[in-house]
Amino acid sequence: MYAITGITGQVGGAVARNLLNANQSVRAVVRDANKGSPWAEQGCEVALADMNDVDALKAAFTNAEGVFVLLPPNFSPSRGFSETRAIVAALHSAITAACPNKVVCLSTVGAQATQMNLLTQLQIMEQELGDLPMPIAFLRPAWFMENAAWHVAIAREKGIFQSFLQPLDKPVPMIATADVGRIAAELLQQTWHGRRIIEIEGPRRVTPNDIVKGFAKILGRPIHAEAVPRKTWEALFQSQGIADPEPRIQMLDGFNEGWIEFEHGESGCIKGEVELETVLKNLVERSNLI
């Protein structure tokens, strides 16, 4: 049996579906019983646990062949990342007590970067959970192609694609969440010893201009790409409710300046299978249903 945190999200859900398709037993770890119901209907066990609750997490991880760890997203962390440190400490205590056979954690490209940025939260997780006694793997995916979902409405309605990734012709490592879920599920079913780092990206690197071309083709209309001026980022992010935009700005700088990159380079990555156009088509189709 495999305990999956973050199962209600895209990546956690993909991990669970891949395991179920492989006839494996899954325990859905959720905070809300209502959100666990769809997984119970698919034959999963459901465990209720907040990510800060050591006892509940221990119960959720007990008797698990493997545990998939996905930190809750936090786009406006406190200075020093106190929220992340508290969750990671709870996870460490719970995993140590439950002692599953293996652990797979969702980390990120650039987790090794020395400059502070939004992704430092995942670096903290790798550092703190890296001393667990059981086999542990940190899966470092590229930028999610699904982040383009934020752009579907304005692309359709106004023919504009506003990009924080710059310049517009710079290739960026990206990957589909379907590939991340598939590879994570495969890892959970493998046997290894010690600590592993697995870096993954899609079949080819993607520029913002590639995304624009994809949307133009799928939506059947011209799309104009605009690079959002960096000097406007702080005020823009604050208007969106982010109290301290600096970590997010530093993350974007890291991608744009190239210091957020895979530790072992592009040649050291596992390549995914899902193409950008497939993801963009799915995003447009889903937006049509909203």
# chains A, B, ... in the order shown; residues from 1 in each chain; ligands from 1

$ select_by_dssp --residues "range 111-182 of chain A" --states "alpha helix (DSSP H)" --output "list in words"
Thr120, Gln121, Leu122, Gln123, Ile124, Met125, Glu126, Gln127, Glu128, Leu129, Val152, Ala153, Ile154, Ala155, Arg156, Glu157, Lys158, Thr177, Ala178, Asp179, Val180, Gly181 and Arg182 of chain A

$ write_last_selection --atoms "N, CA, C and O atoms" --output "PDB file, in the first residue's frame"
ATOM      1  N   THR A 120      13.402  27.660  -2.467  1.00  0.00           N
ATOM      2  CA  THR A 120      14.212  27.306  -1.305  1.00  0.00           C
ATOM      3  C   THR A 120      13.418  26.423  -0.339  1.00  0.00           C
ATOM      4  O   THR A 120      14.002  25.638   0.417  1.00  0.00           O
ATOM      5  N   GLN A 121      12.098  26.529  -0.387  1.00  0.00           N
ATOM      6  CA  GLN A 121      11.256  25.668   0.455  1.00  0.00           C
ATOM      7  C   GLN A 121      11.533  24.187   0.198  1.00  0.00           C
ATOM      8  O   GLN A 121      11.559  23.374   1.129  1.00  0.00           O
ATOM      9  N   LEU A 122      11.759  23.843  -1.066  1.00  0.00           N
ATOM     10  CA  LEU A 122      12.035  22.450  -1.407  1.00  0.00           C
ATOM     11  C   LEU A 122      13.460  22.064  -1.037  1.00  0.00           C
ATOM     12  O   LEU A 122      13.737  20.906  -0.702  1.00  0.00           O
ATOM     13  N   GLN A 123      14.373  23.012  -1.094  1.00  0.00           N
ATOM     14  CA  GLN A 123      15.736  22.757  -0.632  1.00  0.00           C
ATOM     15  C   GLN A 123      15.728  22.419   0.861  1.00  0.00           C
ATOM     16  O   GLN A 123      16.429  21.487   1.301  1.00  0.00           O
ATOM     17  N   ILE A 124      14.952  23.155   1.622  1.00  0.00           N
ATOM     18  CA  ILE A 124      14.818  22.874   3.061  1.00  0.00           C
ATOM     19  C   ILE A 124      14.297  21.459   3.272  1.00  0.00           C
ATOM     20  O   ILE A 124      14.800  20.713   4.119  1.00  0.00           O
ATOM     21  N   MET A 125      13.294  21.060   2.494  1.00  0.00           N
ATOM     22  CA  MET A 125      12.754  19.713   2.608  1.00  0.00           C
ATOM     23  C   MET A 125      13.826  18.673   2.323  1.00  0.00           C
ATOM     24  O   MET A 125      13.976  17.690   3.069  1.00  0.00           O
ATOM     25  N   GLU A 126      14.598  18.865   1.253  1.00  0.00           N
ATOM     26  CA  GLU A 126      15.646  17.897   0.916  1.00  0.00           C
ATOM     27  C   GLU A 126      16.681  17.799   2.040  1.00  0.00           C
ATOM     28  O   GLU A 126      17.124  16.700   2.398  1.00  0.00           O
ATOM     29  N   GLN A 127      17.069  18.934   2.586  1.00  0.00           N
ATOM     30  CA  GLN A 127      18.081  18.930   3.636  1.00  0.00           C
ATOM     31  C   GLN A 127      17.588  18.242   4.905  1.00  0.00           C
ATOM     32  O   GLN A 127      18.321  17.463   5.527  1.00  0.00           O
ATOM     33  N   GLU A 128      16.351  18.534   5.279  1.00  0.00           N
ATOM     34  CA  GLU A 128      15.842  18.032   6.553  1.00  0.00           C
ATOM     35  C   GLU A 128      15.395  16.573   6.479  1.00  0.00           C
ATOM     36  O   GLU A 128      15.521  15.834   7.456  1.00  0.00           O
ATOM     37  N   LEU A 129      14.847  16.156   5.345  1.00  0.00           N
ATOM     38  CA  LEU A 129      14.391  14.766   5.221  1.00  0.00           C
ATOM     39  C   LEU A 129      15.485  13.843   4.685  1.00  0.00           C
ATOM     40  O   LEU A 129      15.331  12.630   4.689  1.00  0.00           O
ATOM     41  N   VAL A 152      -4.802  31.081 -20.304  1.00  0.00           N
ATOM     42  CA  VAL A 152      -5.792  30.651 -21.305  1.00  0.00           C
ATOM     43  C   VAL A 152      -6.852  31.723 -21.540  1.00  0.00           C
ATOM     44  O   VAL A 152      -7.159  32.075 -22.692  1.00  0.00           O
ATOM     45  N   ALA A 153      -7.432  32.261 -20.474  1.00  0.00           N
ATOM     46  CA  ALA A 153      -8.552  33.199 -20.625  1.00  0.00           C
ATOM     47  C   ALA A 153      -8.144  34.458 -21.387  1.00  0.00           C
ATOM     48  O   ALA A 153      -8.824  34.872 -22.333  1.00  0.00           O
ATOM     49  N   ILE A 154      -7.016  35.066 -20.988  1.00  0.00           N
ATOM     50  CA  ILE A 154      -6.610  36.311 -21.660  1.00  0.00           C
ATOM     51  C   ILE A 154      -6.147  36.040 -23.084  1.00  0.00           C
ATOM     52  O   ILE A 154      -6.336  36.875 -23.979  1.00  0.00           O
ATOM     53  N   ALA A 155      -5.573  34.851 -23.325  1.00  0.00           N
ATOM     54  CA  ALA A 155      -5.178  34.514 -24.689  1.00  0.00           C
ATOM     55  C   ALA A 155      -6.409  34.374 -25.579  1.00  0.00           C
ATOM     56  O   ALA A 155      -6.424  34.856 -26.718  1.00  0.00           O
ATOM     57  N   ARG A 156      -7.441  33.726 -25.062  1.00  0.00           N
ATOM     58  CA  ARG A 156      -8.669  33.539 -25.842  1.00  0.00           C
ATOM     59  C   ARG A 156      -9.400  34.859 -26.050  1.00  0.00           C
ATOM     60  O   ARG A 156      -9.865  35.162 -27.160  1.00  0.00           O
ATOM     61  N   GLU A 157      -9.517  35.651 -24.978  1.00  0.00           N
ATOM     62  CA  GLU A 157     -10.362  36.844 -25.037  1.00  0.00           C
ATOM     63  C   GLU A 157      -9.671  38.050 -25.664  1.00  0.00           C
ATOM     64  O   GLU A 157     -10.301  38.846 -26.371  1.00  0.00           O
ATOM     65  N   LYS A 158      -8.351  38.199 -25.405  1.00  0.00           N
ATOM     66  CA  LYS A 158      -7.665  39.404 -25.848  1.00  0.00           C
ATOM     67  C   LYS A 158      -6.509  39.126 -26.809  1.00  0.00           C
ATOM     68  O   LYS A 158      -5.917  40.072 -27.343  1.00  0.00           O
ATOM     69  N   THR A 177       2.607  17.539 -15.874  1.00  0.00           N
ATOM     70  CA  THR A 177       2.351  16.888 -14.589  1.00  0.00           C
ATOM     71  C   THR A 177       2.035  15.404 -14.764  1.00  0.00           C
ATOM     72  O   THR A 177       2.304  14.607 -13.864  1.00  0.00           O
ATOM     73  N   ALA A 178       1.509  15.032 -15.928  1.00  0.00           N
ATOM     74  CA  ALA A 178       1.245  13.607 -16.179  1.00  0.00           C
ATOM     75  C   ALA A 178       2.538  12.807 -16.156  1.00  0.00           C
ATOM     76  O   ALA A 178       2.587  11.687 -15.637  1.00  0.00           O
ATOM     77  N   ASP A 179       3.598  13.365 -16.735  1.00  0.00           N
ATOM     78  CA  ASP A 179       4.894  12.692 -16.711  1.00  0.00           C
ATOM     79  C   ASP A 179       5.452  12.621 -15.291  1.00  0.00           C
ATOM     80  O   ASP A 179       6.035  11.611 -14.893  1.00  0.00           O
ATOM     81  N   VAL A 180       5.278  13.696 -14.528  1.00  0.00           N
ATOM     82  CA  VAL A 180       5.770  13.704 -13.148  1.00  0.00           C
ATOM     83  C   VAL A 180       5.079  12.619 -12.333  1.00  0.00           C
ATOM     84  O   VAL A 180       5.724  11.847 -11.613  1.00  0.00           O
ATOM     85  N   GLY A 181       3.757  12.528 -12.464  1.00  0.00           N
ATOM     86  CA  GLY A 181       3.010  11.514 -11.733  1.00  0.00           C
ATOM     87  C   GLY A 181       3.388  10.104 -12.129  1.00  0.00           C
ATOM     88  O   GLY A 181       3.522   9.214 -11.280  1.00  0.00           O
ATOM     89  N   ARG A 182       3.595   9.896 -13.426  1.00  0.00           N
ATOM     90  CA  ARG A 182       3.985   8.563 -13.907  1.00  0.00           C
ATOM     91  C   ARG A 182       5.345   8.151 -13.360  1.00  0.00           C
ATOM     92  O   ARG A 182       5.517   7.022 -12.857  1.00  0.00           O
TER      93      ARG A 182
END

$ residues_around --residues "range 92-108 of chain A" --least-positions-apart "2" --cutoff "7 Å" --atoms "only C-alpha atoms" --output "PDB file with N, CA and C atoms, in the first residue's frame"
ATOM      1  N   VAL A  54       1.580  15.615  13.553  1.00  0.00           N
ATOM      2  CA  VAL A  54       2.488  14.465  13.558  1.00  0.00           C
ATOM      3  C   VAL A  54       1.744  13.161  13.773  1.00  0.00           C
ATOM      4  N   ASP A  55       0.848  13.120  14.749  1.00  0.00           N
ATOM      5  CA  ASP A  55       0.145  11.875  15.065  1.00  0.00           C
ATOM      6  C   ASP A  55      -0.721  11.404  13.902  1.00  0.00           C
ATOM      7  N   LEU A  57      -0.328  12.177  10.703  1.00  0.00           N
ATOM      8  CA  LEU A  57       0.553  11.761   9.608  1.00  0.00           C
ATOM      9  C   LEU A  57       1.157  10.390   9.893  1.00  0.00           C
ATOM     10  N   LYS A  58       1.554  10.163  11.134  1.00  0.00           N
ATOM     11  CA  LYS A  58       2.103   8.850  11.497  1.00  0.00           C
ATOM     12  C   LYS A  58       1.089   7.744  11.201  1.00  0.00           C
ATOM     13  N   PHE A  61       0.818   7.081   7.496  1.00  0.00           N
ATOM     14  CA  PHE A  61       1.978   6.453   6.872  1.00  0.00           C
ATOM     15  C   PHE A  61       2.277   5.053   7.398  1.00  0.00           C
ATOM     16  N   THR A  62       1.625   4.656   8.480  1.00  0.00           N
ATOM     17  CA  THR A  62       1.908   3.357   9.095  1.00  0.00           C
ATOM     18  C   THR A  62       1.516   2.214   8.162  1.00  0.00           C
ATOM     19  N   ASN A  63       2.383   1.204   8.078  1.00  0.00           N
ATOM     20  CA  ASN A  63       2.183   0.017   7.240  1.00  0.00           C
ATOM     21  C   ASN A  63       2.202   0.326   5.743  1.00  0.00           C
ATOM     22  N   ALA A  64       2.813   1.457   5.378  1.00  0.00           N
ATOM     23  CA  ALA A  64       2.910   1.816   3.962  1.00  0.00           C
ATOM     24  C   ALA A  64       4.177   1.226   3.346  1.00  0.00           C
ATOM     25  N   GLU A  65       4.027   0.660   2.163  1.00  0.00           N
ATOM     26  CA  GLU A  65       5.196   0.230   1.394  1.00  0.00           C
ATOM     27  C   GLU A  65       6.014   1.452   0.986  1.00  0.00           C
ATOM     28  N   GLY A  66       5.314   2.519   0.624  1.00  0.00           N
ATOM     29  CA  GLY A  66       5.988   3.755   0.249  1.00  0.00           C
ATOM     30  C   GLY A  66       5.108   4.951   0.539  1.00  0.00           C
ATOM     31  N   VAL A  67       5.730   6.103   0.725  1.00  0.00           N
ATOM     32  CA  VAL A  67       5.018   7.357   0.972  1.00  0.00           C
ATOM     33  C   VAL A  67       5.438   8.375  -0.069  1.00  0.00           C
ATOM     34  N   PHE A  68       4.463   9.057  -0.652  1.00  0.00           N
ATOM     35  CA  PHE A  68       4.736  10.157  -1.564  1.00  0.00           C
ATOM     36  C   PHE A  68       4.485  11.461  -0.828  1.00  0.00           C
ATOM     37  N   VAL A  69       5.518  12.294  -0.746  1.00  0.00           N
ATOM     38  CA  VAL A  69       5.442  13.557  -0.007  1.00  0.00           C
ATOM     39  C   VAL A  69       5.376  14.721  -0.979  1.00  0.00           C
ATOM     40  N   LEU A  70       4.349  15.553  -0.824  1.00  0.00           N
ATOM     41  CA  LEU A  70       4.190  16.758  -1.617  1.00  0.00           C
ATOM     42  C   LEU A  70       3.852  17.898  -0.660  1.00  0.00           C
ATOM     43  N   VAL A  88       7.885  20.344   7.490  1.00  0.00           N
ATOM     44  CA  VAL A  88       8.950  19.367   7.264  1.00  0.00           C
ATOM     45  C   VAL A  88       9.321  18.679   8.581  1.00  0.00           C
ATOM     46  N   ALA A  89       9.335  19.424   9.671  1.00  0.00           N
ATOM     47  CA  ALA A  89       9.629  18.815  10.978  1.00  0.00           C
ATOM     48  C   ALA A  89       8.555  17.795  11.353  1.00  0.00           C
ATOM     49  N   ALA A  90       7.294  18.129  11.081  1.00  0.00           N
ATOM     50  CA  ALA A  90       6.208  17.185  11.360  1.00  0.00           C
ATOM     51  C   ALA A  90       6.337  15.940  10.494  1.00  0.00           C
ATOM     52  N   GLY A 110      16.522  23.110  -9.587  1.00  0.00           N
ATOM     53  CA  GLY A 110      17.156  24.222  -8.886  1.00  0.00           C
ATOM     54  C   GLY A 110      17.117  24.128  -7.380  1.00  0.00           C
ATOM     55  N   ALA A 111      16.765  22.957  -6.832  1.00  0.00           N
ATOM     56  CA  ALA A 111      16.716  22.825  -5.374  1.00  0.00           C
ATOM     57  C   ALA A 111      18.084  23.036  -4.736  1.00  0.00           C
ATOM     58  N   LEU A 122      11.759  23.843  -1.066  1.00  0.00           N
ATOM     59  CA  LEU A 122      12.035  22.450  -1.407  1.00  0.00           C
ATOM     60  C   LEU A 122      13.460  22.064  -1.037  1.00  0.00           C
ATOM     61  N   LEU A 129      14.847  16.156   5.345  1.00  0.00           N
ATOM     62  CA  LEU A 129      14.391  14.766   5.221  1.00  0.00           C
ATOM     63  C   LEU A 129      15.485  13.843   4.685  1.00  0.00           C
ATOM     64  N   LEU A 132      16.684  10.725   6.776  1.00  0.00           N
ATOM     65  CA  LEU A 132      15.778   9.647   7.187  1.00  0.00           C
ATOM     66  C   LEU A 132      16.448   8.288   6.947  1.00  0.00           C
ATOM     67  N   MET A 134      15.300   5.328   5.995  1.00  0.00           N
ATOM     68  CA  MET A 134      14.852   4.457   4.901  1.00  0.00           C
ATOM     69  C   MET A 134      15.263   5.033   3.549  1.00  0.00           C
ATOM     70  N   PRO A 135      15.222   4.225   2.480  1.00  0.00           N
ATOM     71  CA  PRO A 135      15.516   4.762   1.143  1.00  0.00           C
ATOM     72  C   PRO A 135      14.608   5.945   0.819  1.00  0.00           C
ATOM     73  N   ILE A 136      15.208   7.028   0.302  1.00  0.00           N
ATOM     74  CA  ILE A 136      14.436   8.221  -0.010  1.00  0.00           C
ATOM     75  C   ILE A 136      14.899   8.782  -1.348  1.00  0.00           C
ATOM     76  N   ALA A 137      13.944   9.227  -2.152  1.00  0.00           N
ATOM     77  CA  ALA A 137      14.246   9.807  -3.463  1.00  0.00           C
ATOM     78  C   ALA A 137      13.609  11.185  -3.552  1.00  0.00           C
ATOM     79  N   PHE A 138      14.387  12.138  -4.036  1.00  0.00           N
ATOM     80  CA  PHE A 138      13.878  13.481  -4.277  1.00  0.00           C
ATOM     81  C   PHE A 138      13.728  13.664  -5.784  1.00  0.00           C
ATOM     82  N   LEU A 139      12.486  13.839  -6.202  1.00  0.00           N
ATOM     83  CA  LEU A 139      12.172  13.984  -7.620  1.00  0.00           C
ATOM     84  C   LEU A 139      12.148  15.471  -7.950  1.00  0.00           C
ATOM     85  N   ARG A 140      13.046  15.883  -8.825  1.00  0.00           N
ATOM     86  CA  ARG A 140      13.178  17.300  -9.167  1.00  0.00           C
ATOM     87  C   ARG A 140      12.646  17.570 -10.571  1.00  0.00           C
ATOM     88  N   PRO A 141      11.374  17.946 -10.688  1.00  0.00           N
ATOM     89  CA  PRO A 141      10.823  18.234 -12.012  1.00  0.00           C
ATOM     90  C   PRO A 141      11.115  19.663 -12.456  1.00  0.00           C
ATOM     91  N   ALA A 142      11.017  19.878 -13.762  1.00  0.00           N
ATOM     92  CA  ALA A 142      11.159  21.198 -14.353  1.00  0.00           C
ATOM     93  C   ALA A 142       9.888  22.021 -14.091  1.00  0.00           C
ATOM     94  N   LEU A 188       8.142   4.786  -6.767  1.00  0.00           N
ATOM     95  CA  LEU A 188       7.585   4.173  -5.558  1.00  0.00           C
ATOM     96  C   LEU A 188       7.589   2.649  -5.634  1.00  0.00           C
TER      97      LEU A 188
END

$ select_by_dssp --residues "range 58-106 of chain A" --states "strand (DSSP E or B)" --output "PDB file with C-alpha atoms, in the first residue's frame"
ATOM      1  CA  GLY A  66       5.988   3.755   0.249  1.00  0.00           C
ATOM      2  CA  VAL A  67       5.018   7.357   0.972  1.00  0.00           C
ATOM      3  CA  PHE A  68       4.736  10.157  -1.564  1.00  0.00           C
ATOM      4  CA  VAL A  69       5.442  13.557  -0.007  1.00  0.00           C
ATOM      5  CA  VAL A 103       9.814   7.683   0.542  1.00  0.00           C
ATOM      6  CA  VAL A 104       9.529   9.705  -2.665  1.00  0.00           C
ATOM      7  CA  CYS A 105       9.418  13.508  -2.257  1.00  0.00           C
ATOM      8  CA  LEU A 106       8.412  16.018  -4.905  1.00  0.00           C
TER       9      LEU A 106
END

$ closest_residue --among "A:Trp39, A:Phe75, A:Trp143, A:Trp259" --to "Phe237 in chain A" --atoms "only C-alpha atoms"
A:Phe75

$ atom_distance --atom1 "CA of Asp53 in chain A" --atom2 "CA of Ile87 in chain A"
8.5 Å

$ atom_distance --atom1 "CA of Val206 in chain A" --atom2 "CA of Pro171 in chain A"
4.9 Å

$ atom_distance --atom1 "CA of Asn52 in chain A" --atom2 "CA of Gly80 in chain A"
17.4 Å

$ residues_around --residues "range 216-222 of chain A" --least-positions-apart "3" --cutoff "7 Å" --atoms "only C-alpha atoms" --output "list in words"
Arg156, Gly159, Val212, Lys213 and Lys281 of chain A

$ closest_residue --among "A:Ala28, A:Ala227, A:Ile183, A:Ala149" --to "Leu168 in chain A" --atoms "only C-alpha atoms"
A:Ala227

$ residues_around --residues "range 269-276 of chain A" --least-positions-apart "6" --cutoff "8 Å" --atoms "only C-alpha atoms" --output "NGL selection string"
:A and (145 or 175-176 or 178-180 or 198-203 or 206 or 211 or 214 or 262)

$ closest_residue --among "A:Glu146, A:Pro38, A:Ile223, A:Ala243" --to "Glu277 in chain A" --atoms "only C-alpha atoms"
A:Glu146

$ closest_residue --among "A:Gln238, A:Gln189, A:Asn209, A:Asn117" --to "Arg79 in chain A" --atoms "only C-alpha atoms"
A:Asn117

$ decode --residues "range 201-212 of chain A" --atoms "all heavy atoms" --output "compact mmCIF listing (two decimals), in the first residue's frame"
# COMPACT_ATOMS: atom_id res chain seq x y z
N GLU A 201 12.61 16.36 -17.01
CA GLU A 201 12.01 17.41 -17.83
C GLU A 201 11.32 16.78 -19.03
O GLU A 201 11.41 15.57 -19.25
CB GLU A 201 13.04 18.43 -18.27
CG GLU A 201 14.13 17.91 -19.18
CD GLU A 201 15.03 19.04 -19.68
OE1 GLU A 201 14.51 20.08 -20.12
OE2 GLU A 201 16.26 18.88 -19.63
N GLY A 202 10.61 17.59 -19.80
CA GLY A 202 9.86 17.09 -20.94
C GLY A 202 10.74 16.70 -22.11
O GLY A 202 11.97 16.75 -22.04
N PRO A 203 10.11 16.32 -23.23
CA PRO A 203 10.87 15.84 -24.39
C PRO A 203 11.84 16.88 -24.95
O PRO A 203 12.88 16.54 -25.50
CB PRO A 203 9.77 15.52 -25.42
CG PRO A 203 8.53 15.33 -24.62
CD PRO A 203 8.65 16.25 -23.45
N ARG A 204 11.51 18.16 -24.83
CA ARG A 204 12.36 19.24 -25.33
C ARG A 204 12.08 20.51 -24.51
O ARG A 204 11.04 20.64 -23.90
CB ARG A 204 12.12 19.50 -26.81
CG ARG A 204 10.70 19.86 -27.15
CD ARG A 204 10.46 19.84 -28.64
NE ARG A 204 10.87 18.57 -29.23
CZ ARG A 204 10.12 17.46 -29.19
NH1 ARG A 204 8.94 17.47 -28.58
NH2 ARG A 204 10.56 16.34 -29.73
N ARG A 205 13.02 21.42 -24.54
CA ARG A 205 12.85 22.66 -23.80
C ARG A 205 11.90 23.60 -24.55
O ARG A 205 11.76 23.52 -25.76
CB ARG A 205 14.21 23.32 -23.52
CG ARG A 205 15.08 22.40 -22.66
CD ARG A 205 16.09 23.08 -21.82
NE ARG A 205 16.53 22.18 -20.75
CZ ARG A 205 17.37 22.52 -19.80
NH1 ARG A 205 17.88 23.74 -19.76
NH2 ARG A 205 17.70 21.65 -18.86
N VAL A 206 11.25 24.47 -23.78
CA VAL A 206 10.13 25.26 -24.30
C VAL A 206 10.40 26.74 -24.09
O VAL A 206 10.81 27.16 -23.00
CB VAL A 206 8.82 24.87 -23.57
CG1 VAL A 206 7.67 25.77 -24.00
CG2 VAL A 206 8.49 23.40 -23.84
N THR A 207 10.18 27.55 -25.11
CA THR A 207 10.26 29.00 -24.96
C THR A 207 8.86 29.56 -24.77
O THR A 207 7.86 28.94 -25.18
CB THR A 207 10.88 29.65 -26.21
OG1 THR A 207 9.95 29.55 -27.30
CG2 THR A 207 12.20 28.98 -26.60
N PRO A 208 8.74 30.76 -24.17
CA PRO A 208 7.42 31.40 -24.14
C PRO A 208 6.81 31.56 -25.53
O PRO A 208 5.60 31.44 -25.70
CB PRO A 208 7.74 32.76 -23.49
CG PRO A 208 8.91 32.48 -22.60
CD PRO A 208 9.75 31.49 -23.38
N ASN A 209 7.66 31.81 -26.52
CA ASN A 209 7.14 31.92 -27.89
C ASN A 209 6.53 30.60 -28.37
O ASN A 209 5.56 30.60 -29.14
CB ASN A 209 8.26 32.33 -28.86
CG ASN A 209 8.59 33.81 -28.76
OD1 ASN A 209 7.76 34.61 -28.36
ND2 ASN A 209 9.82 34.17 -29.12
N ASP A 210 7.07 29.47 -27.92
CA ASP A 210 6.49 28.17 -28.27
C ASP A 210 5.08 28.04 -27.70
O ASP A 210 4.17 27.50 -28.36
CB ASP A 210 7.35 27.02 -27.73
CG ASP A 210 8.70 26.91 -28.43
OD1 ASP A 210 8.78 27.29 -29.61
OD2 ASP A 210 9.65 26.43 -27.77
N ILE A 211 4.91 28.52 -26.47
CA ILE A 211 3.58 28.46 -25.84
C ILE A 211 2.61 29.34 -26.61
O ILE A 211 1.45 28.96 -26.86
CB ILE A 211 3.67 28.89 -24.37
CG1 ILE A 211 4.60 27.95 -23.60
CG2 ILE A 211 2.27 28.89 -23.73
CD1 ILE A 211 4.84 28.36 -22.16
N VAL A 212 3.07 30.51 -27.02
CA VAL A 212 2.22 31.43 -27.80
C VAL A 212 1.79 30.77 -29.10
O VAL A 212 0.61 30.81 -29.48
CB VAL A 212 2.99 32.74 -28.07
CG1 VAL A 212 2.23 33.59 -29.10
CG2 VAL A 212 3.18 33.51 -26.78
